[in-house]
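Raw contents of data38.cif, mmCIF, C-alpha atoms and all ligand atoms:
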```cif
data_final
#
loop_
_atom_site.group_PDB
_atom_site.id
_atom_site.type_symbol
_atom_site.label_atom_id
_atom_site.label_comp_id
_atom_site.auth_asym_id
_atom_site.auth_seq_id
_atom_site.Cartn_x
_atom_site.Cartn_y
_atom_site.Cartn_z
ATOM 1 C CA MET A 1 15.904 3.488 -16.118
ATOM 2 C CA ALA A 2 12.490 2.056 -15.319
ATOM 3 C CA THR A 3 9.915 4.505 -13.979
ATOM 4 C CA LYS A 4 8.256 3.776 -10.674
ATOM 5 C CA TRP A 5 5.236 2.519 -12.631
ATOM 6 C CA GLN A 6 7.409 -0.227 -14.119
ATOM 7 C CA GLN A 7 9.246 -1.101 -10.911
ATOM 8 C CA LYS A 8 8.289 -3.469 -8.119
ATOM 9 C CA TRP A 9 7.107 -1.647 -5.005
ATOM 10 C CA ILE A 10 7.910 -2.745 -1.480
ATOM 11 C CA LEU A 11 5.963 -0.729 1.052
ATOM 12 C CA GLY A 12 5.952 -1.142 4.815
ATOM 13 C CA ASN A 13 2.996 -0.401 7.063
ATOM 14 C CA TRP A 14 4.034 0.190 10.652
ATOM 15 C CA LYS A 15 0.461 0.568 11.944
ATOM 16 C CA MET A 16 0.442 1.925 15.551
ATOM 17 C CA ASN A 17 4.004 0.979 16.411
ATOM 18 C CA GLY A 18 7.322 2.705 17.120
ATOM 19 C CA ARG A 19 8.855 5.349 19.360
ATOM 20 C CA LEU A 20 11.143 8.242 18.495
ATOM 21 C CA GLU A 21 14.380 6.474 19.257
ATOM 22 C CA THR A 22 13.638 3.022 17.856
ATOM 23 C CA SER A 23 11.929 4.399 14.746
ATOM 24 C CA GLY A 24 14.897 6.625 13.975
ATOM 25 C CA ALA A 25 17.259 3.665 14.088
ATOM 26 C CA LEU A 26 14.911 1.491 12.029
ATOM 27 C CA LEU A 27 14.397 4.140 9.345
ATOM 28 C CA HIS A 28 18.137 4.566 9.134
ATOM 29 C CA ASP A 29 18.524 0.843 8.396
ATOM 30 C CA LEU A 30 15.582 0.759 5.989
ATOM 31 C CA SER A 31 17.061 3.716 4.098
ATOM 32 C CA LEU A 32 20.313 1.803 3.698
ATOM 33 C CA ALA A 33 18.358 -1.170 2.323
ATOM 34 C CA ALA A 34 16.429 1.078 -0.081
ATOM 35 C CA ASN A 35 19.616 2.752 -1.263
ATOM 36 C CA GLN A 36 21.142 -0.597 -2.231
ATOM 37 C CA THR A 37 18.922 -0.824 -5.301
ATOM 38 C CA SER A 38 17.457 1.552 -7.814
ATOM 39 C CA GLN A 39 15.216 -1.224 -9.180
ATOM 40 C CA ILE A 40 12.629 -1.140 -6.413
ATOM 41 C CA TYR A 41 10.342 1.661 -5.237
ATOM 42 C CA CYS A 42 10.708 1.380 -1.456
ATOM 43 C CA GLY A 43 8.526 3.134 1.072
ATOM 44 C CA VAL A 44 7.079 2.940 4.520
ATOM 45 C CA ALA A 45 3.776 4.214 5.899
ATOM 46 C CA ILE A 46 4.204 5.398 9.452
ATOM 47 C CA PRO A 47 2.083 6.976 12.222
ATOM 48 C CA ALA A 48 1.248 10.604 11.338
ATOM 49 C CA LEU A 49 2.891 12.033 14.438
ATOM 50 C CA TYR A 50 6.316 10.866 13.311
ATOM 51 C CA LEU A 51 6.068 11.886 9.643
ATOM 52 C CA PRO A 52 8.101 15.135 9.915
ATOM 53 C CA TYR A 53 10.872 13.327 11.792
ATOM 54 C CA ALA A 54 10.850 10.479 9.292
ATOM 55 C CA LEU A 55 11.104 12.866 6.341
ATOM 56 C CA ASP A 56 14.046 14.532 7.984
ATOM 57 C CA TRP A 57 15.832 11.281 8.859
ATOM 58 C CA THR A 58 15.362 9.782 5.406
ATOM 59 C CA SER A 59 16.033 12.950 3.433
ATOM 60 C CA GLY A 60 18.272 12.214 0.441
ATOM 61 C CA SER A 61 17.631 8.467 0.661
ATOM 62 C CA GLN A 62 15.531 6.331 -1.693
ATOM 63 C CA LEU A 63 13.084 5.383 1.033
ATOM 64 C CA HIS A 64 9.767 7.142 0.450
ATOM 65 C CA ILE A 65 7.594 8.131 3.358
ATOM 66 C CA GLY A 66 3.842 7.565 3.369
ATOM 67 C CA ALA A 67 0.875 8.132 5.642
ATOM 68 C CA GLU A 68 -1.321 5.348 6.970
ATOM 69 C CA ASP A 69 -4.481 7.341 6.384
ATOM 70 C CA VAL A 70 -5.756 10.695 5.149
ATOM 71 C CA SER A 71 -8.774 12.836 5.992
ATOM 72 C CA ARG A 72 -11.957 12.469 4.000
ATOM 73 C CA PHE A 73 -12.321 16.253 4.187
ATOM 74 C CA GLY A 74 -10.744 18.004 1.241
ATOM 75 C CA THR A 75 -10.501 21.623 2.331
ATOM 76 C CA ASP A 76 -9.073 23.289 5.420
ATOM 77 C CA GLY A 77 -11.618 24.011 8.110
ATOM 78 C CA ALA A 78 -13.367 22.920 11.266
ATOM 79 C CA TYR A 79 -12.422 19.229 11.258
ATOM 80 C CA THR A 80 -10.750 18.771 14.640
ATOM 81 C CA GLY A 81 -8.037 16.136 14.672
ATOM 82 C CA GLU A 82 -7.911 15.629 10.913
ATOM 83 C CA ILE A 83 -4.885 15.700 8.580
ATOM 84 C CA SER A 84 -5.618 16.539 4.954
ATOM 85 C CA ALA A 85 -4.003 15.164 1.811
ATOM 86 C CA THR A 86 -2.714 18.652 1.006
ATOM 87 C CA MET A 87 -1.030 18.898 4.417
ATOM 88 C CA LEU A 88 0.688 15.581 3.768
ATOM 89 C CA THR A 89 2.077 16.637 0.379
ATOM 90 C CA ASP A 90 2.966 20.016 1.889
ATOM 91 C CA ILE A 91 5.579 18.342 4.103
ATOM 92 C CA GLY A 92 6.805 15.881 1.447
ATOM 93 C CA VAL A 93 4.774 12.728 2.084
ATOM 94 C CA ARG A 94 4.573 10.683 -1.145
ATOM 95 C CA PHE A 95 1.738 8.218 -0.682
ATOM 96 C CA ALA A 96 -1.117 7.348 1.633
ATOM 97 C CA LEU A 97 -2.799 4.072 2.439
ATOM 98 C CA ILE A 98 -6.540 4.267 2.145
ATOM 99 C CA GLY A 99 -9.134 1.725 3.180
ATOM 100 C CA HIS A 100 -6.814 -0.597 5.066
ATOM 101 C CA SER A 101 -8.954 -3.417 6.466
ATOM 102 C CA GLU A 102 -8.247 -2.215 10.027
ATOM 103 C CA ARG A 103 -9.689 1.212 9.105
ATOM 104 C CA ARG A 104 -12.698 -0.489 7.539
ATOM 105 C CA GLN A 105 -13.146 -2.704 10.616
ATOM 106 C CA TYR A 106 -12.471 -0.333 13.515
ATOM 107 C CA PHE A 107 -13.516 2.985 11.955
ATOM 108 C CA HIS A 108 -16.345 1.700 9.752
ATOM 109 C CA GLU A 109 -14.850 3.263 6.628
ATOM 110 C CA ASN A 110 -17.147 2.570 3.717
ATOM 111 C CA ASN A 111 -17.072 3.301 0.000
ATOM 112 C CA THR A 112 -18.563 6.799 0.433
ATOM 113 C CA CYS A 113 -15.806 7.875 2.798
ATOM 114 C CA LEU A 114 -13.076 6.106 0.785
ATOM 115 C CA HIS A 115 -14.250 7.733 -2.434
ATOM 116 C CA GLN A 116 -13.709 11.131 -0.765
ATOM 117 C CA LYS A 117 -10.275 10.110 0.501
ATOM 118 C CA LEU A 118 -9.283 8.905 -2.948
ATOM 119 C CA GLN A 119 -10.503 12.131 -4.529
ATOM 120 C CA ASN A 120 -8.509 14.196 -1.995
ATOM 121 C CA CYS A 121 -5.336 12.212 -2.693
ATOM 122 C CA LEU A 122 -5.739 12.734 -6.440
ATOM 123 C CA LYS A 123 -6.283 16.490 -6.027
ATOM 124 C CA ALA A 124 -3.235 16.799 -3.786
ATOM 125 C CA ALA A 125 -0.986 14.593 -5.999
ATOM 126 C CA LEU A 126 -0.568 12.177 -3.104
ATOM 127 C CA ILE A 127 -0.271 8.628 -4.464
ATOM 128 C CA PRO A 128 -3.233 6.613 -3.171
ATOM 129 C CA VAL A 129 -2.583 3.027 -2.107
ATOM 130 C CA LEU A 130 -6.090 1.613 -2.011
ATOM 131 C CA CYS A 131 -6.312 -1.532 0.109
ATOM 132 C CA VAL A 132 -8.886 -4.143 -0.858
ATOM 133 C CA GLY A 133 -9.550 -7.736 0.150
ATOM 134 C CA GLU A 134 -12.120 -10.247 1.276
ATOM 135 C CA THR A 135 -12.714 -11.953 4.638
ATOM 136 C CA SER A 136 -12.383 -15.725 4.969
ATOM 137 C CA GLN A 137 -16.186 -16.098 5.096
ATOM 138 C CA GLN A 138 -16.525 -14.127 1.881
ATOM 139 C CA ARG A 139 -13.896 -16.289 0.175
ATOM 140 C CA GLU A 140 -15.536 -19.492 1.384
ATOM 141 C CA ALA A 141 -18.864 -18.240 0.045
ATOM 142 C CA GLY A 142 -17.267 -17.704 -3.386
ATOM 143 C CA GLN A 143 -17.665 -13.927 -3.058
ATOM 144 C CA ALA A 144 -14.006 -12.814 -3.073
ATOM 145 C CA GLU A 145 -14.078 -11.216 -6.541
ATOM 146 C CA ASN A 146 -17.451 -9.579 -5.979
ATOM 147 C CA VAL A 147 -16.229 -8.023 -2.728
ATOM 148 C CA VAL A 148 -13.070 -6.692 -4.364
ATOM 149 C CA ALA A 149 -15.041 -5.410 -7.370
ATOM 150 C CA ASP A 150 -17.306 -3.492 -5.000
ATOM 151 C CA GLN A 151 -14.295 -1.993 -3.182
ATOM 152 C CA LEU A 152 -12.745 -0.968 -6.514
ATOM 153 C CA ALA A 153 -15.983 0.664 -7.638
ATOM 154 C CA ILE A 154 -14.905 3.881 -5.881
ATOM 155 C CA LEU A 155 -12.555 4.493 -8.818
ATOM 156 C CA THR A 156 -15.568 5.078 -11.075
ATOM 157 C CA GLY A 157 -15.725 8.546 -12.584
ATOM 158 C CA LEU A 158 -12.548 9.837 -10.912
ATOM 159 C CA PRO A 159 -9.630 11.206 -12.965
ATOM 160 C CA VAL A 160 -7.325 8.349 -11.905
ATOM 161 C CA ASN A 161 -4.108 8.429 -13.926
ATOM 162 C CA GLU A 162 -1.965 6.567 -11.400
ATOM 163 C CA ILE A 163 -3.173 4.069 -8.844
ATOM 164 C CA VAL A 164 -1.653 1.565 -6.454
ATOM 165 C CA ILE A 165 -3.878 -1.221 -5.184
ATOM 166 C CA ALA A 166 -2.859 -3.455 -2.293
ATOM 167 C CA TYR A 167 -4.715 -6.748 -2.429
ATOM 168 C CA GLU A 168 -4.774 -7.856 1.188
ATOM 169 C CA PRO A 169 -7.108 -10.737 2.020
ATOM 170 C CA VAL A 170 -8.306 -9.877 5.537
ATOM 171 C CA TRP A 171 -7.708 -13.457 6.663
ATOM 172 C CA ALA A 172 -4.045 -13.252 5.625
ATOM 173 C CA ILE A 173 -3.218 -10.073 7.572
ATOM 174 C CA GLY A 174 -1.080 -10.846 10.609
ATOM 175 C CA SER A 175 -2.190 -14.495 10.551
ATOM 176 C CA GLY A 176 0.768 -16.245 8.934
ATOM 177 C CA LYS A 177 -1.653 -17.640 6.300
ATOM 178 C CA ILE A 178 -1.276 -16.692 2.652
ATOM 179 C CA PRO A 179 -3.313 -17.541 -0.437
ATOM 180 C CA THR A 180 -1.829 -19.936 -2.982
ATOM 181 C CA ALA A 181 0.130 -18.471 -5.883
ATOM 182 C CA ALA A 182 -2.798 -19.397 -8.166
ATOM 183 C CA GLN A 183 -5.282 -17.537 -5.936
ATOM 184 C CA ILE A 184 -3.054 -14.451 -5.854
ATOM 185 C CA GLU A 185 -2.591 -14.519 -9.635
ATOM 186 C CA GLN A 186 -6.307 -14.906 -10.233
ATOM 187 C CA MET A 187 -7.200 -11.941 -8.002
ATOM 188 C CA HIS A 188 -4.421 -9.685 -9.312
ATOM 189 C CA THR A 189 -5.472 -10.408 -12.903
ATOM 190 C CA PHE A 190 -9.064 -9.622 -11.949
ATOM 191 C CA ILE A 191 -7.964 -6.338 -10.303
ATOM 192 C CA TYR A 192 -6.022 -5.298 -13.428
ATOM 193 C CA GLN A 193 -9.065 -5.997 -15.596
ATOM 194 C CA ARG A 194 -11.396 -4.037 -13.304
ATOM 195 C CA ILE A 195 -9.107 -1.012 -13.164
ATOM 196 C CA LEU A 196 -8.742 -0.973 -16.939
ATOM 197 C CA SER A 197 -12.512 -1.045 -17.295
ATOM 198 C CA LEU A 198 -13.030 1.784 -14.776
ATOM 199 C CA CYS A 199 -10.134 4.179 -15.457
ATOM 200 C CA PRO A 200 -8.649 5.993 -18.463
ATOM 201 C CA LYS A 201 -6.909 3.538 -20.809
ATOM 202 C CA ASP A 202 -3.412 4.888 -20.096
ATOM 203 C CA VAL A 203 -3.768 4.607 -16.303
ATOM 204 C CA LYS A 204 -0.561 3.612 -14.547
ATOM 205 C CA ILE A 205 -1.130 0.670 -12.219
ATOM 206 C CA ARG A 206 0.737 -1.203 -9.524
ATOM 207 C CA VAL A 207 -1.003 -4.065 -7.735
ATOM 208 C CA LEU A 208 0.740 -5.119 -4.537
ATOM 209 C CA TYR A 209 0.055 -8.229 -2.509
ATOM 210 C CA GLY A 210 -0.236 -7.838 1.280
ATOM 211 C CA GLY A 211 -0.906 -10.194 4.177
ATOM 212 C CA SER A 212 1.766 -12.148 6.075
ATOM 213 C CA VAL A 213 4.548 -11.352 3.598
ATOM 214 C CA ASN A 214 7.891 -12.234 5.171
ATOM 215 C CA GLN A 215 11.453 -12.984 4.209
ATOM 216 C CA ASN A 216 10.648 -16.666 3.595
ATOM 217 C CA ASN A 217 7.698 -16.285 1.241
ATOM 218 C CA ALA A 218 8.504 -12.977 -0.505
ATOM 219 C CA ALA A 219 10.626 -14.465 -3.302
ATOM 220 C CA GLU A 220 7.861 -16.815 -4.422
ATOM 221 C CA ILE A 221 5.100 -14.195 -4.158
ATOM 222 C CA MET A 222 7.171 -11.743 -6.173
ATOM 223 C CA THR A 223 7.325 -14.097 -9.167
ATOM 224 C CA VAL A 224 3.534 -14.450 -9.411
ATOM 225 C CA ARG A 225 2.110 -12.854 -12.559
ATOM 226 C CA HIS A 226 0.647 -9.365 -12.011
ATOM 227 C CA VAL A 227 2.234 -9.044 -8.564
ATOM 228 C CA ASP A 228 3.964 -5.672 -8.716
ATOM 229 C CA GLY A 229 5.266 -5.720 -5.160
ATOM 230 C CA ALA A 230 4.160 -6.086 -1.564
ATOM 231 C CA LEU A 231 2.619 -4.204 1.332
ATOM 232 C CA VAL A 232 4.327 -5.509 4.433
ATOM 233 C CA GLY A 233 3.048 -5.100 7.997
ATOM 234 C CA GLY A 234 4.807 -6.991 10.803
ATOM 235 C CA ALA A 235 7.962 -7.739 8.794
ATOM 236 C CA SER A 236 8.496 -4.003 8.112
ATOM 237 C CA LEU A 237 9.188 -3.448 11.807
ATOM 238 C CA GLN A 238 12.495 -5.335 11.619
ATOM 239 C CA ALA A 239 15.332 -4.092 9.444
ATOM 240 C CA ASP A 240 16.559 -7.624 8.642
ATOM 241 C CA SER A 241 13.246 -8.946 7.372
ATOM 242 C CA PHE A 242 12.307 -5.816 5.404
ATOM 243 C CA THR A 243 15.768 -5.746 3.814
ATOM 244 C CA ALA A 244 15.443 -9.421 2.857
ATOM 245 C CA ILE A 245 12.048 -8.734 1.257
ATOM 246 C CA ILE A 246 13.527 -5.899 -0.814
ATOM 247 C CA GLN A 247 16.300 -8.239 -1.925
ATOM 248 C CA ALA A 248 13.766 -10.956 -2.792
ATOM 249 C CA ALA A 249 11.953 -8.438 -5.010
ATOM 250 C CA CYS A 250 15.238 -7.651 -6.799
ATOM 251 C CA ALA A 251 16.173 -11.294 -7.403
ATOM 252 C CA PRO A 252 13.855 -12.096 -10.364
ATOM 253 C CA LEU A 253 14.785 -8.744 -11.938
ATOM 254 C CA ASN A 254 18.486 -9.570 -11.716
ATOM 255 C CA LYS A 255 17.878 -12.919 -13.438
ATOM 256 C CA SER A 256 15.922 -11.468 -16.379
HETATM 257 P P1 LIG A 301 1.063 -8.220 7.864
HETATM 258 O O1 LIG A 301 0.162 -6.908 7.613
HETATM 259 O O2 LIG A 301 2.188 -8.181 6.871
HETATM 260 O O3 LIG A 301 1.536 -8.083 9.293
HETATM 261 O O4 LIG A 301 0.175 -9.391 7.662
HETATM 262 C C1 LIG A 301 -0.058 -6.416 6.328
HETATM 263 C C2 LIG A 301 -0.915 -5.189 6.384
HETATM 264 O O5 LIG A 301 -1.805 -5.113 7.251
HETATM 265 O O6 LIG A 301 -0.747 -4.260 5.582
#
```

Conversion result in structure tokens:
Amino acid sequence: MATKWQQKWILGNWKMNGRLETSGALLHDLSLAANQTSQIYCGVAIPALYLPYALDWTSGSQLHIGAEDVSRFGTDGAYTGEISATMLTDIGVRFALIGHSERRQYFHENNTCLHQKLQNCLKAALIPVLCVGETSQQREAGQAENVVADQLAILTGLPVNEIVIAYEPVWAIGSGKIPTAAQIEQMHTFIYQRILSLCPKDVKIRVLYGGSVNQNNAAEIMTVRHVDGALVGGASLQADSFTAIIQAACAPLNKS
């Protein structure tokens, strides 16, 4: 059986959405969808408050639970309001998003802070899902690769053996707009090359595409070279659409 570093990954990102009752029902349905296939690594990043419930509700299923963020502080101490990477792994959380564009925008997270978060994830054996991507102005100015290269530079000098990158052009998030297949392929190839130049040669890599992925476009995106899966925002809040995206990720695998 393929390891998770050979599988496609479909991850949801609920952002600041959900309530106890609705989230319980949704996670139940998403677990059923995840259990239908052993070919896909399925997960969902949910608000921190609900993580213990989610782990309980999905226990024994193939749906992995992740955090939407992690503290930049690495050791226990006087950091009011923070949740460390070690606390997350302590309760069974598998992965954490870091550097989502909304964190960069609203919380001014920069490379210094994200380097610390990445380091904390690695120490705690929490899989980091590093989100990168350019704004529309940066793309129009021909700077997309430079921006992404700068965001990936935080990998330099860290003992990264396993890394998940989510390429999410800021202009595609929640907008209904997506890059062309050629643009996605070009950026994913670039990301692979950068990681291989910055990390140990045997580093395990998954590069996910994110930004307006839905049940109608997932099948096509999933066949693009170097697309190892998707990070899904809005469409992960509905069982039907998230299930359809998981199935779309399985389809090319079933054909081959
Ligand atoms: P979207 O969000 O799928 O709603 O565009 C993706 C994300 O922000 O991770």

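Using the PyMOL selection byres (((chain A and resi 160-167) around 7) and not hetatm) on this structure selects Ile127, Pro128, Val129, Leu130, Cys131, Val132, Gly133, Leu158, Pro159, Glu168, Pro169, Cys199, Pro200, Val203, Lys204, Ile205, Arg206, Val207, Leu208, Tyr209, Gly210 and Leu231 of chain A.
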
9 Å from ligand LIG 301 (chain A) is the threshold here; counting only C-alpha atoms and all ligand atoms, which polymer residues fall inside it? Answer as a PyMOL selection string. chain A and resi 11-15+100-102+131+166+168+170-178+210-214+230-236

So, counting all atoms listed in the file, which residue among A:Ile40, A:Ile98, A:Leu32, A:Asn120 is closest to Thr75 in chain A? A:Asn120

For Val147 in chain A, list every protein, DNA or RNA residue within 12 Å, evaluated using all atoms listed in the file, and leave out those in the same chain fewer than 3 positions away; present the list as JSON, numbers by chain. {"A": [111, 132, 133, 134, 135, 136, 137, 138, 139, 141, 142, 143, 144, 150, 151, 152, 153, 167, 169, 170, 187, 190, 191]}

Writing out the chosen residues with C-alpha atoms as an mmCIF file, in the frame of the given file:
```
data_model
loop_
_atom_site.group_PDB
_atom_site.id
_atom_site.type_symbol
_atom_site.label_atom_id
_atom_site.label_comp_id
_atom_site.auth_asym_id
_atom_site.auth_seq_id
_atom_site.Cartn_x
_atom_site.Cartn_y
_atom_site.Cartn_z
ATOM 1 C CA ASN A 111 -17.072 3.301 0.000
ATOM 2 C CA VAL A 132 -8.886 -4.143 -0.858
ATOM 3 C CA GLY A 133 -9.550 -7.736 0.150
ATOM 4 C CA GLU A 134 -12.120 -10.247 1.276
ATOM 5 C CA THR A 135 -12.714 -11.953 4.638
ATOM 6 C CA SER A 136 -12.383 -15.725 4.969
ATOM 7 C CA GLN A 137 -16.186 -16.098 5.096
ATOM 8 C CA GLN A 138 -16.525 -14.127 1.881
ATOM 9 C CA ARG A 139 -13.896 -16.289 0.175
ATOM 10 C CA ALA A 141 -18.864 -18.240 0.045
ATOM 11 C CA GLY A 142 -17.267 -17.704 -3.386
ATOM 12 C CA GLN A 143 -17.665 -13.927 -3.058
ATOM 13 C CA ALA A 144 -14.006 -12.814 -3.073
ATOM 14 C CA ASP A 150 -17.306 -3.492 -5.000
ATOM 15 C CA GLN A 151 -14.295 -1.993 -3.182
ATOM 16 C CA LEU A 152 -12.745 -0.968 -6.514
ATOM 17 C CA ALA A 153 -15.983 0.664 -7.638
ATOM 18 C CA TYR A 167 -4.715 -6.748 -2.429
ATOM 19 C CA PRO A 169 -7.108 -10.737 2.020
ATOM 20 C CA VAL A 170 -8.306 -9.877 5.537
ATOM 21 C CA MET A 187 -7.200 -11.941 -8.002
ATOM 22 C CA PHE A 190 -9.064 -9.622 -11.949
ATOM 23 C CA ILE A 191 -7.964 -6.338 -10.303
#
```

Residues within 10 Å of (12.3, 4.8, 15.2), counting all atoms listed in the file, listed as an MDAnalysis selection string: chainID A and resid 17:28 46 50 53:54 57 237

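Straight-line separation from CA of Pro179 in chain A to CA of Glu140 in chain A: 12.5 Å.
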
At a cut-off of 10 Å from (-15.7, 7.5, -3.0) in the coordinates of the file, what residues are picked up using all atoms listed in the file, written as a PyMOL selection string? chain A and resi 72+110-120+151-158

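If you apply the PyMOL selection byres (((chain A and resi 225) around 12) and not hetatm) to this structure, you end up with A:Ala181, A:Ala182, A:Gln183, A:Ile184, A:Glu185, A:Gln186, A:Met187, A:His188, A:Thr189, A:Phe190, A:Tyr192, A:Val207, A:Leu208, A:Tyr209, A:Glu220, A:Ile221, A:Met222, A:Thr223, A:Val224, A:His226, A:Val227, A:Asp228, A:Gly229, A:Pro252.
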
Please enumerate the residues selected by the PyMOL selection byres (((chain A and resi 81) around 12) and not hetatm) when evaluated against the supplied file, formatted as a VMD selection string. chain A and resid 48 to 49 70 to 73 76 to 80 82 to 84

Kindly give the distance, in Å, that separates CA of Ala85 in chain A and CA of Lys201 in chain A, rounded to a single decimal.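 Interatomic distance here is 25.6 Å.
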
Which distance in Å separates CA of Pro52 in chain A and CA of Gln6 in chain A, to one decimal?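 Separating CA of Pro52 in chain A from CA of Gln6 in chain A is a distance of 28.5 Å.
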
Could you check the closest approach to Val148 in chain A for each of A:Ile245, A:Leu51, A:Ile195, A:Leu88 and tell me which residue wins, using all atoms listed in the file?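 Looking only at the distances to Val148 in chain A, the closest residue turns out to be A:Ile195.
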
Between A:Thr243, A:Thr58, A:Gln215, A:Gln7, which one has atoms that come closest to Ser31 in chain A, using only C-alpha atoms?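 The closest residue to Ser31 in chain A is A:Thr58.
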
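Closest to Asp29 in chain A among A:Asn217, A:Leu198, A:Asp69, A:Gln62 is A:Gln62, based on all atoms listed in the file.
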
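Considering the residues A:His108, A:His64, A:Lys123, A:Arg103 and counting all atoms listed in the file, Trp9 in chain A has its shortest atom-to-atom contact with A:His64.
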